[in-house]
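A.B. asks: Sharing model-v2.txt (compact mmCIF, C-alpha atoms and all ligand atoms) below.
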# COMPACT_ATOMS: atom_id res chain seq x y z
CA MET W 1 90.49 113.01 113.22
CA SER W 2 90.29 110.30 110.59
CA ARG W 3 89.36 111.10 106.99
CA SER W 4 85.95 110.42 105.54
CA LEU W 5 87.01 109.19 102.05
CA GLN W 6 83.36 108.53 101.19
CA SER W 7 82.81 110.86 98.24
CA VAL W 8 85.95 111.22 96.17
CA LEU W 9 86.22 113.74 93.34
CA VAL W 10 88.87 112.48 90.91
CA THR W 11 89.80 115.09 88.31
CA GLY W 12 91.29 113.81 85.06
CA GLY W 13 90.04 110.29 85.83
CA SER W 14 89.72 109.41 82.14
CA GLY W 15 93.42 109.95 81.48
CA PHE W 16 96.26 107.48 81.93
CA ILE W 17 97.04 107.60 85.65
CA GLY W 18 93.57 108.78 86.70
CA ALA W 19 91.89 105.79 85.05
CA ASN W 20 94.37 103.35 86.56
CA PHE W 21 93.86 105.01 89.94
CA ILE W 22 90.04 104.70 89.81
CA ARG W 23 90.40 101.05 88.82
CA TYR W 24 92.79 100.52 91.74
CA LEU W 25 90.41 102.29 94.16
CA PHE W 26 87.47 100.03 93.30
CA GLU W 27 89.68 97.00 93.94
CA GLN W 28 90.36 98.09 97.53
CA PRO W 29 88.03 96.32 100.00
CA SER W 30 88.55 99.19 102.45
CA PHE W 31 87.20 101.73 99.94
CA THR W 32 83.44 101.81 100.44
CA GLY W 33 82.62 105.24 99.03
CA GLN W 34 81.71 106.74 95.65
CA VAL W 35 83.86 108.30 92.92
CA VAL W 36 82.95 111.32 90.83
CA ASN W 37 85.22 111.48 87.79
CA LEU W 38 85.39 115.02 86.39
CA ASP W 39 87.18 115.10 83.07
CA ALA W 40 87.10 117.54 80.14
CA LEU W 41 87.97 114.71 77.73
CA THR W 42 90.77 116.49 75.95
CA TYR W 43 92.76 114.46 73.41
CA ALA W 44 94.23 112.58 76.41
CA GLY W 45 90.98 111.63 78.11
CA ASN W 46 89.08 108.59 76.96
CA PRO W 47 85.87 107.25 78.54
CA ALA W 48 86.74 103.83 77.08
CA ASN W 49 89.44 103.61 79.77
CA LEU W 50 86.72 103.04 82.37
CA ALA W 51 83.85 101.61 80.29
CA ASP W 52 83.64 98.30 82.19
CA LEU W 53 83.73 100.06 85.53
CA ALA W 54 81.01 102.49 84.43
CA ASP W 55 78.88 99.44 83.56
CA ALA W 56 79.51 97.87 86.95
CA TYR W 57 79.14 100.91 89.20
CA GLY W 58 77.61 103.66 87.01
CA GLY W 59 74.92 105.67 88.79
CA SER W 60 75.64 104.04 92.14
CA ARG W 61 79.29 104.31 93.20
CA TYR W 62 80.74 105.76 89.98
CA HIS W 63 79.65 109.03 88.37
CA PHE W 64 81.23 110.54 85.26
CA LYS W 65 80.91 114.27 84.65
CA ARG W 66 82.32 115.84 81.52
CA GLY W 67 83.53 119.24 82.65
CA ASP W 68 86.47 121.59 82.86
CA ILE W 69 88.39 122.51 86.01
CA ARG W 70 88.70 126.01 84.52
CA ASP W 71 84.96 126.41 85.11
CA PHE W 72 84.32 127.30 88.77
CA GLU W 73 80.53 126.86 88.59
CA THR W 74 80.91 123.26 87.46
CA LEU W 75 83.19 122.56 90.39
CA ALA W 76 80.96 124.25 92.96
CA ASP W 77 77.97 122.29 91.68
CA ILE W 78 79.82 118.96 91.98
CA PHE W 79 81.00 119.70 95.52
CA SER W 80 77.48 120.40 96.69
CA ARG W 81 75.59 117.79 94.65
CA TYR W 82 77.87 114.90 95.64
CA GLU W 83 78.94 116.17 99.09
CA ILE W 84 82.57 115.72 98.09
CA ASP W 85 84.89 115.05 101.04
CA THR W 86 88.09 114.15 99.14
CA VAL W 87 89.77 115.45 95.99
CA VAL W 88 92.42 113.56 94.06
CA HIS W 89 93.59 116.03 91.44
CA PHE W 90 95.12 114.50 88.30
CA ALA W 91 93.59 116.77 85.64
CA ALA W 92 96.37 118.51 83.78
CA GLU W 93 98.04 119.00 80.48
CA SER W 94 100.79 116.44 80.96
CA HIS W 95 103.09 116.24 77.94
CA VAL W 96 106.35 118.21 77.84
CA ASP W 97 106.60 118.34 74.02
CA ARG W 98 103.13 119.83 73.78
CA SER W 99 104.00 122.44 76.40
CA ILE W 100 106.87 123.57 74.18
CA LEU W 101 104.52 123.85 71.21
CA GLY W 102 101.75 125.70 73.07
CA PRO W 103 102.28 126.64 76.72
CA ARG W 104 99.09 128.67 77.24
CA VAL W 105 96.71 125.79 77.89
CA PHE W 106 99.22 124.39 80.40
CA ILE W 107 99.01 127.58 82.40
CA GLU W 108 95.24 127.77 82.09
CA THR W 109 94.54 124.19 83.13
CA ASN W 110 97.43 123.39 85.45
CA VAL W 111 97.66 126.74 87.26
CA LEU W 112 94.27 128.46 86.94
CA GLY W 113 92.33 125.19 86.95
CA THR W 114 94.06 124.12 90.17
CA SER W 115 93.30 127.45 91.82
CA ASN W 116 89.61 127.02 90.92
CA LEU W 117 89.57 123.57 92.45
CA LEU W 118 91.22 124.84 95.62
CA GLU W 119 88.67 127.64 95.89
CA ALA W 120 85.76 125.26 95.32
CA ALA W 121 87.10 122.94 98.04
CA ARG W 122 87.66 125.80 100.46
CA ALA W 123 84.17 127.18 99.91
CA ALA W 124 82.54 123.76 100.35
CA TRP W 125 84.60 122.47 103.26
CA LYS W 126 85.05 125.57 105.40
CA ASP W 127 86.77 124.31 108.60
CA ARG W 128 86.13 120.59 108.15
CA ALA W 129 89.07 118.44 109.22
CA ASP W 130 87.89 115.05 107.88
CA VAL W 131 88.49 116.13 104.26
CA LEU W 132 91.54 115.96 101.99
CA PHE W 133 92.78 117.67 98.83
CA HIS W 134 95.46 115.44 97.30
CA HIS W 135 97.42 117.03 94.48
CA VAL W 136 99.20 114.74 92.01
CA SER W 137 102.42 116.29 90.79
CA THR W 138 105.71 115.47 89.16
CA ASP W 139 109.40 115.23 89.99
CA GLU W 140 110.02 117.57 87.03
CA VAL W 141 109.29 120.57 89.29
CA PHE W 142 112.79 120.10 90.74
CA GLY W 143 114.57 120.58 87.42
CA SER W 144 117.37 118.38 86.15
CA LEU W 145 119.98 116.29 88.00
CA GLY W 146 123.61 115.67 87.12
CA GLU W 147 125.11 112.19 87.17
CA ALA W 148 124.74 111.76 90.94
CA GLY W 149 122.19 112.61 93.62
CA PHE W 150 118.43 112.48 94.06
CA PHE W 151 115.57 114.91 94.47
CA SER W 152 114.09 114.89 97.98
CA GLU W 153 111.17 116.62 99.71
CA GLU W 154 113.64 119.38 100.64
CA THR W 155 114.95 120.05 97.12
CA LEU W 156 114.29 123.60 95.93
CA TYR W 157 112.01 124.02 92.93
CA ASP W 158 113.77 124.68 89.61
CA PRO W 159 111.36 123.79 86.78
CA LYS W 160 112.78 124.02 83.27
CA SER W 161 109.91 123.44 80.81
CA PRO W 162 106.56 125.20 80.44
CA TYR W 163 104.93 121.94 81.64
CA SER W 164 107.05 121.63 84.78
CA ALA W 165 106.78 125.35 85.52
CA SER W 166 102.99 125.09 85.37
CA LYS W 167 103.04 122.05 87.68
CA ALA W 168 105.40 123.88 90.04
CA GLY W 169 102.92 126.77 90.06
CA SER W 170 100.10 124.39 90.98
CA ASP W 171 102.16 122.85 93.82
CA HIS W 172 102.84 126.31 95.23
CA LEU W 173 99.14 127.15 95.10
CA VAL W 174 98.21 123.97 96.98
CA ARG W 175 100.81 124.69 99.68
CA SER W 176 99.68 128.28 100.00
CA TRP W 177 96.01 127.27 100.43
CA ALA W 178 97.09 124.79 103.13
CA HIS W 179 99.23 127.40 104.87
CA THR W 180 96.92 130.40 104.56
CA TYR W 181 93.47 128.86 104.79
CA GLY W 182 94.30 125.64 106.65
CA LEU W 183 92.99 123.49 103.77
CA PRO W 184 93.93 119.86 104.56
CA ALA W 185 96.16 119.05 101.59
CA THR W 186 98.86 116.61 100.54
CA ILE W 187 101.10 116.53 97.46
CA SER W 188 102.90 113.68 95.73
CA ASN W 189 105.69 114.25 93.21
CA CYS W 190 106.22 111.12 91.14
CA THR W 191 108.69 110.00 88.49
CA ASN W 192 107.80 108.61 85.03
CA ASN W 193 104.83 106.24 85.02
CA TYR W 194 104.21 103.50 82.48
CA GLY W 195 101.52 100.85 81.98
CA PRO W 196 98.16 100.31 80.25
CA TYR W 197 96.07 103.22 78.88
CA GLN W 198 99.02 105.60 78.41
CA PHE W 199 98.46 107.91 75.46
CA PRO W 200 100.93 107.01 72.70
CA GLU W 201 102.76 110.31 72.73
CA LYS W 202 104.81 109.29 75.76
CA MET W 203 108.00 107.38 75.21
CA ILE W 204 107.19 103.78 76.19
CA PRO W 205 103.90 103.36 74.27
CA ILE W 206 105.32 105.14 71.20
CA MET W 207 108.25 102.77 71.10
CA ILE W 208 106.13 99.63 71.64
CA LEU W 209 103.72 100.56 68.83
CA ASN W 210 106.43 101.66 66.40
CA ILE W 211 108.37 98.43 66.93
CA LEU W 212 105.20 96.42 66.25
CA GLU W 213 104.55 98.47 63.11
CA GLY W 214 108.15 98.52 61.86
CA LYS W 215 108.36 102.33 62.08
CA PRO W 216 111.41 104.41 63.13
CA LEU W 217 112.04 104.72 66.87
CA PRO W 218 112.77 108.42 67.46
CA VAL W 219 115.39 108.84 70.18
CA TYR W 220 115.86 112.48 71.15
CA GLY W 221 119.41 113.89 71.20
CA ASP W 222 122.14 111.43 72.22
CA GLY W 223 119.72 109.06 73.98
CA LYS W 224 121.62 109.38 77.25
CA ASN W 225 118.95 111.28 79.19
CA ILE W 226 117.89 109.30 82.25
CA ARG W 227 114.39 108.70 83.58
CA ASP W 228 113.19 106.72 86.60
CA TRP W 229 110.25 104.45 85.75
CA LEU W 230 107.37 103.29 87.98
CA TYR W 231 104.48 100.98 87.11
CA VAL W 232 101.29 103.03 87.21
CA THR W 233 99.40 100.95 89.81
CA ASP W 234 102.34 101.30 92.20
CA HIS W 235 101.79 105.06 91.90
CA ALA W 236 98.06 104.55 92.52
CA GLU W 237 98.88 102.61 95.67
CA ALA W 238 101.15 105.36 96.97
CA ILE W 239 98.32 107.89 96.48
CA TRP W 240 95.83 105.63 98.29
CA MET W 241 98.26 105.28 101.22
CA ILE W 242 98.74 109.05 101.37
CA MET W 243 94.95 109.55 101.33
CA ASN W 244 94.64 107.20 104.28
CA ALA W 245 97.63 108.10 106.40
CA GLY W 246 99.55 111.00 104.86
CA GLY W 247 99.98 114.02 107.12
CA ALA W 248 98.03 117.15 106.19
CA GLY W 249 100.42 119.67 104.67
CA GLU W 250 102.96 116.96 103.78
CA THR W 251 104.66 116.24 100.46
CA TYR W 252 105.80 112.75 99.41
CA LEU W 253 108.21 111.88 96.62
CA VAL W 254 107.36 108.63 94.82
CA GLY W 255 109.55 106.74 92.36
CA GLY W 256 110.61 103.42 90.94
CA GLU W 257 114.26 103.49 92.08
CA ASN W 258 114.67 102.26 88.52
CA GLU W 259 116.82 104.57 86.38
CA TRP W 260 117.38 103.95 82.68
CA GLU W 261 119.16 105.79 79.90
CA ASN W 262 116.60 106.31 77.13
CA LEU W 263 118.65 104.48 74.50
CA THR W 264 119.18 101.41 76.70
CA LEU W 265 115.48 101.34 77.48
CA VAL W 266 114.56 101.56 73.79
CA GLU W 267 116.96 98.67 73.05
CA THR W 268 115.35 96.64 75.83
CA LEU W 269 111.91 97.37 74.41
CA CYS W 270 113.13 96.23 70.98
CA ASP W 271 114.20 92.90 72.46
CA LYS W 272 111.04 92.41 74.51
CA VAL W 273 108.53 93.47 71.85
CA ALA W 274 110.28 91.43 69.18
CA ALA W 275 110.20 88.36 71.44
CA ALA W 276 106.51 88.90 72.24
CA ALA W 277 105.72 89.24 68.52
CA GLY W 278 107.95 86.30 67.51
CA ARG W 279 110.31 88.44 65.43
CA PRO W 280 114.10 88.94 65.41
CA ALA W 281 115.31 91.57 67.91
CA SER W 282 118.06 92.71 65.53
CA LYS W 283 115.47 93.94 63.01
CA ALA W 284 113.71 95.95 65.72
CA ARG W 285 116.97 97.58 66.85
CA GLU W 286 117.63 98.70 63.28
CA LEU W 287 114.59 100.99 63.65
CA ILE W 288 116.34 103.17 66.24
CA THR W 289 116.69 106.67 64.78
CA PHE W 290 118.38 109.61 66.50
CA VAL W 291 116.33 112.79 65.97
CA SER W 292 116.66 116.44 67.06
CA ASP W 293 116.74 116.92 70.81
CA ARG W 294 113.81 118.28 72.80
CA PRO W 295 114.52 121.98 73.51
CA GLY W 296 115.69 122.36 77.12
CA HIS W 297 115.63 118.57 77.59
CA ASP W 298 116.16 117.70 81.29
CA ARG W 299 119.09 115.31 81.62
CA ARG W 300 118.23 113.12 84.58
CA TYR W 301 115.43 112.60 87.12
CA ALA W 302 115.63 110.39 90.22
CA VAL W 303 113.95 110.66 93.60
CA ASP W 304 114.71 109.67 97.16
CA CYS W 305 111.44 108.02 98.18
CA ARG W 306 112.42 107.00 101.72
CA LYS W 307 109.74 109.21 103.28
CA VAL W 308 106.75 107.48 101.65
CA LYS W 309 108.41 104.12 102.32
CA ASN W 310 109.36 104.68 105.94
CA GLU W 311 106.38 106.72 107.09
CA LEU W 312 103.56 105.06 105.13
CA GLY W 313 104.96 101.60 104.39
CA TRP W 314 104.72 101.99 100.59
CA ALA W 315 106.93 99.90 98.30
CA GLN W 316 107.12 99.24 94.57
CA ARG W 317 105.39 95.94 93.78
CA HIS W 318 106.21 95.50 90.07
CA SER W 319 109.68 94.74 88.78
CA PHE W 320 110.48 96.68 85.59
CA SER W 321 110.72 93.50 83.57
CA GLU W 322 107.26 92.25 84.67
CA GLY W 323 105.73 95.70 84.27
CA LEU W 324 107.11 96.12 80.75
CA ASP W 325 105.92 92.64 79.75
CA ALA W 326 102.41 93.42 81.03
CA THR W 327 102.43 96.78 79.22
CA ILE W 328 103.63 95.28 75.93
CA ARG W 329 100.92 92.58 76.15
CA TRP W 330 98.29 95.23 76.84
CA TYR W 331 99.21 97.28 73.75
CA MET W 332 99.32 94.15 71.59
CA GLU W 333 95.86 93.07 72.78
CA ASN W 334 94.15 96.48 72.61
CA THR W 335 94.60 97.52 68.99
CA GLU W 336 91.14 99.10 68.78
CA TRP W 337 91.95 101.44 71.69
CA VAL W 338 95.23 102.35 70.02
CA GLU W 339 93.61 103.22 66.71
CA GLN W 340 90.96 105.28 68.44
CA VAL W 341 93.37 107.46 70.42
CA ARG W 342 95.95 107.84 67.67
CA SER W 343 93.90 109.82 65.18
CA GLY W 344 94.25 113.58 65.45
CA GLU W 345 96.20 116.68 64.68
CA TYR W 346 98.95 116.10 67.18
CA GLN W 347 100.44 113.43 64.97
CA LYS W 348 101.09 116.05 62.31
CA TRP W 349 102.89 118.37 64.71
CA ILE W 350 105.05 115.59 66.08
CA GLU W 351 105.94 114.47 62.57
CA ASP W 352 106.78 118.03 61.53
CA ASN W 353 109.05 118.48 64.52
CA TYR W 354 110.62 115.11 65.09
CA GLY W 355 110.11 113.33 61.79
CA ARG W 356 107.63 110.71 60.63
CA ARG W 357 107.17 107.72 62.97
P1 LIG T 401 97.01 112.42 80.87
O1 LIG T 401 97.39 113.50 79.93
O2 LIG T 401 97.00 111.02 80.40
O3 LIG T 401 95.54 112.71 81.45
C1 LIG T 401 95.12 113.99 81.85
C2 LIG T 401 93.61 113.95 82.01
O4 LIG T 401 93.17 115.26 82.44
C3 LIG T 401 92.86 113.64 80.71
O5 LIG T 401 91.84 112.70 80.95
C4 LIG T 401 92.29 114.99 80.29
O6 LIG T 401 91.09 114.87 79.52
C5 LIG T 401 92.05 115.65 81.64
N1 LIG T 401 92.06 117.13 81.56
C6 LIG T 401 92.98 117.91 80.93
N2 LIG T 401 92.64 119.20 81.06
C7 LIG T 401 91.49 119.24 81.80
C8 LIG T 401 90.67 120.29 82.27
N3 LIG T 401 90.93 121.58 81.99
N4 LIG T 401 89.59 119.96 83.01
C9 LIG T 401 89.29 118.67 83.29
N5 LIG T 401 90.03 117.64 82.84
C10 LIG T 401 91.13 117.91 82.11
O7 LIG T 401 97.95 112.61 82.13
P2 LIG T 401 98.60 111.53 83.10
O8 LIG T 401 99.86 111.05 82.54
O9 LIG T 401 97.55 110.56 83.49
O10 LIG T 401 98.96 112.47 84.34
C11 LIG T 401 97.99 112.71 85.36
C12 LIG T 401 98.60 113.64 86.40
O11 LIG T 401 99.75 113.04 86.96
C13 LIG T 401 99.04 114.99 85.85
O12 LIG T 401 98.73 115.98 86.80
C14 LIG T 401 100.55 114.85 85.69
O13 LIG T 401 101.18 116.08 85.83
C15 LIG T 401 100.87 113.92 86.84
N6 LIG T 401 102.05 113.06 86.67
C16 LIG T 401 102.20 112.30 85.54
C17 LIG T 401 103.29 111.45 85.43
C18 LIG T 401 103.49 110.56 84.21
O14 LIG T 401 104.52 109.91 84.11
N7 LIG T 401 102.55 110.48 83.30
C19 LIG T 401 104.24 111.39 86.45
C20 LIG T 401 104.07 112.20 87.59
C21 LIG T 401 102.95 113.01 87.69
O1 LIG T 402 108.95 112.64 85.43
C1 LIG T 402 107.55 112.65 85.41
C2 LIG T 402 107.06 113.14 84.06
O2 LIG T 402 107.30 112.07 83.14
C3 LIG T 402 105.59 113.51 84.06
O3 LIG T 402 105.40 114.63 84.90
C4 LIG T 402 105.10 113.86 82.66
O4 LIG T 402 103.70 114.10 82.68
C5 LIG T 402 105.40 112.69 81.74
O5 LIG T 402 105.04 113.03 80.42
C6 LIG T 402 106.87 112.31 81.82
O6 LIG T 402 107.69 113.33 81.21
P1 LIG T 402 108.93 112.97 80.23
O7 LIG T 402 109.19 114.14 79.39
O8 LIG T 402 110.06 112.39 81.00
O9 LIG T 402 108.25 111.75 79.41
P2 LIG T 402 108.30 111.35 77.86
O10 LIG T 402 107.65 110.01 77.75
O11 LIG T 402 107.80 112.43 76.98
O12 LIG T 402 109.85 111.19 77.58
C7 LIG T 402 110.65 110.29 78.31
C8 LIG T 402 112.07 110.46 77.83
O13 LIG T 402 112.19 109.95 76.49
C9 LIG T 402 112.53 111.88 77.74
O14 LIG T 402 113.91 111.96 78.08
C10 LIG T 402 112.34 112.27 76.28
C11 LIG T 402 112.60 110.96 75.57
N1 LIG T 402 111.83 110.72 74.33
C12 LIG T 402 110.48 110.92 74.39
C13 LIG T 402 109.69 110.67 73.29
C14 LIG T 402 108.21 110.90 73.33
C15 LIG T 402 112.44 110.27 73.19
O15 LIG T 402 113.68 110.08 73.16
N2 LIG T 402 111.67 110.01 72.09
C16 LIG T 402 110.32 110.21 72.08
O16 LIG T 402 109.66 109.96 71.03
How does the structure come out when it is put into structure tokens?
Ligand code: NAD
Ligand code: DAU
C.D. replies:
Amino acid sequence: MSRSLQSVLVTGGSGFIGANFIRYLFEQPSFTGQVVNLDALTYAGNPANLADLADAYGGSRYHFKRGDIRDFETLADIFSRYEIDTVVHFAAESHVDRSILGPRVFIETNVLGTSNLLEAARAAWKDRADVLFHHVSTDEVFGSLGEAGFFSEETLYDPKSPYSASKAGSDHLVRSWAHTYGLPATISNCTNNYGPYQFPEKMIPIMILNILEGKPLPVYGDGKNIRDWLYVTDHAEAIWMIMNAGGAGETYLVGGENEWENLTLVETLCDKVAAAAGRPASKARELITFVSDRPGHDRRYAVDCRKVKNELGWAQRHSFSEGLDATIRWYMENTEWVEQVRSGEYQKWIEDNYGRR
């Protein structure tokens, strides 16, 4: 049976990937349904990320609900009021450094919140087969790689940080609801995303802004940790393809096939941001500052994404160079957004732990 995809509950839609995903969805001619964006608006959620879309579709095809996935009644009410037939679950605490500082909220939101959402879907959907619960997860659940090899859909879970352990817990819950109750569910585990609207606690936006402002560029440890980077709308497209054609009960690994050592990436950002701002690259590179390493810092992530490519026809559309240029432009043009999201207590903690930026 084909999926309905007419009333889509997006959790965490006011965050970085969620907002880019909702934007992507409304650009798809084949998407004719409505979106309910449920977001608690933590420090990472920002209604400004979707303000233009709320103006265009608010009250008709787009509905924003401020609410917490830890609150079952809120979820049950949304399922019945909007006759939800699809869930795309982004809502989470997402930052590894914060999970080291305070793991509890990661467990509450990522594990307990996900179990609430699963229960609300199960209660509302009963035995319906035209529905889908898509869970957005991370490659970090697999742990850390050595110099060679890739994570695949068969790799055993080995999470190393409180964040990745909480995401691993949520993946297990989704699988168990699919197995035990027959809930139609899919999971994607993606590598590092970058692009517009990313909260400037993650590496790429921090570096772009600090280069522009002439502040130190804090590189953790020896700078040789490796991440695989994917432009955020390419991730959105993979999720949309899974919603349309992914097999119930299946997991898909998604990635950029684009591995970079952190230090080399920071140097590249220095060159690109300096060029965009009309300044000498050498001055920007002088800002690079090695700081204490992240406790338990995973060395390398990389995924084998042949399954999503071969079975669903997904491919990365943005080269890293184009994607970085677009991201740098976006941060240079959206200074008001940057100022708005950068105030707050977290800055103090990060300065206390990793030095002033
Ligand atoms: P983000 O931190 O930018 O956004 C998270 C959103 O969830 C925010 O809008 C926040 O307000 C909301 N939220 C948090 N707790 C909530 C709660 N209890 N109830 C309702 N809403 C809540 O995160 P992101 O980078 O956009 O990541 C989105 C999802 O994708 C997460 O599940 C993350 O684990 C996963 N993921 C992220 C990446 C990445 O590189 N950023 C890569 C792979 C997977
Ligand atoms: O792999 C997917 C994951 O990618 C997602 O599940 C997470 O939600 C997302 O936050 C991201 O996790 P990372 O820990 O890899 O991202 P972050 O941007 O925090 O760090 C990227 C790398 O850069 C990492 O090796 C740590 C390093 N780093 C980070 C910051 C913030 C620095 O060297 N300096 C910094 O200031």
A.B. asks: One number please: atom CA of Thr74 of chain W to atom C18 of ligand LIG 401 (chain T), in Å, one decimal.
C.D. replies: 26.1 Å
A.B. asks: Return as JSON, numbers by chain the residues of protein, DNA or RNA that approach ligand LIG 402 (chain T) to within 6 Å, with all atoms listed in the file taken into account.
C.D. replies: {"W": [94, 95, 96, 138, 139, 140, 191, 192, 201, 202, 203, 218, 219, 220, 225, 262]}
A.B. asks: Just want the 8 Å neighbourhood of Ser152 of chain W, counted on only C-alpha atoms, with same-chain residues fewer than 4 positions away dropped. Output as a CSV table (one decimal) with C-alpha atoms, in the coordinates of the input.
C.D. replies:
chain,number,residue,atom,x,y,z
W,253,LEU,CA,108.2,111.9,96.6
W,303,VAL,CA,114.0,110.7,93.6
W,304,ASP,CA,114.7,109.7,97.2
W,305,CYS,CA,111.4,108.0,98.2
A.B. asks: Output the neighbourhood of ligand LIG 401 (chain T) as an MDAnalysis selection string, that is, all protein and nucleic acid residues with some atom at most 7 Å from the ligand, counting all atoms listed in the file.
C.D. replies: chainID W and resid 11:18 38:46 67:70 89:95 109 113 136:139 167 189:194 198:199
A.B. asks: Between W:Leu50, W:Val105, W:Leu145, W:Ile187, which one has atoms that come closest to Trp337 of chain W, using all atoms listed in the file?
C.D. replies: W:Leu50
A.B. asks: Which one is closest to Gly195 of chain W: W:Gly249, W:Gly214, W:Gly313, W:Gly323? Count all atoms listed in the file.
C.D. replies: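 With all atoms listed in the file as the atom set, the closest residue is W:Gly323.
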A.B. asks: Using only C-alpha atoms, which residue out of W:Trp240, W:Phe320, W:Phe150, W:Tyr197 lies closest to Gly256 of chain W?
C.D. replies: W:Phe320
A.B. asks: Just give me the residues with any atom within 12 Å of (81.4, 120.4, 94.6), file coordinates, counting only C-alpha atoms, written as a PyMOL selection string.
C.D. replies: chain W and resi 7-11+36-38+65+69+71-87+116-125
A.B. asks: What's the 12 Å shell around segment 293-299 of chain W, counting only C-alpha atoms, without same-chain residues fewer than 2 positions away, as a VMD selection string?
C.D. replies: chain W and resid 96 to 101 139 to 148 158 to 164 218 to 228 259 to 262 289 to 291 301 to 302 350 353 to 355
A.B. asks: Can you tell me, as a list in words, what residues are no more than 9 Å from Ile239 of chain W when counting all atoms listed in the file, ignoring any on the same chain fewer than 6 positions away?
C.D. replies: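 Counting all atoms listed in the file, the residues come to Phe21, Val88, His134, Val136 and Ser188 of chain W.
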A.B. asks: In the coordinate frame of the file, compute which residues have an atom within 12 Å of (110.0, 93.1, 88.3) when using all atoms listed in the file, and state them as a PyMOL selection string.
C.D. replies: chain W and resi 229-231+234+256-258+316-326
A.B. asks: Report, in Å with one decimal, the straight-line distance from atom CA of Ser115 of chain W to atom CA of Ile22 of chain W.
C.D. replies: 23.1 Å
A.B. asks: Using all atoms listed in the file, find the one residue out of W:Val254, W:Leu112, W:Leu287, W:Leu265 that sits nearest to Phe151 of chain W.
C.D. replies: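 Checking each of W:Val254, W:Leu112, W:Leu287, W:Leu265 against Phe151 of chain W, counting all atoms listed in the file, the winner is W:Val254.
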A.B. asks: In Å, with one decimal, what is the gap from atom CA of Pro216 of chain W to atom CA of Leu269 of chain W?
C.D. replies: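 About the pair atom CA of Pro216 of chain W and atom CA of Leu269 of chain W: they are 13.3 Å apart.
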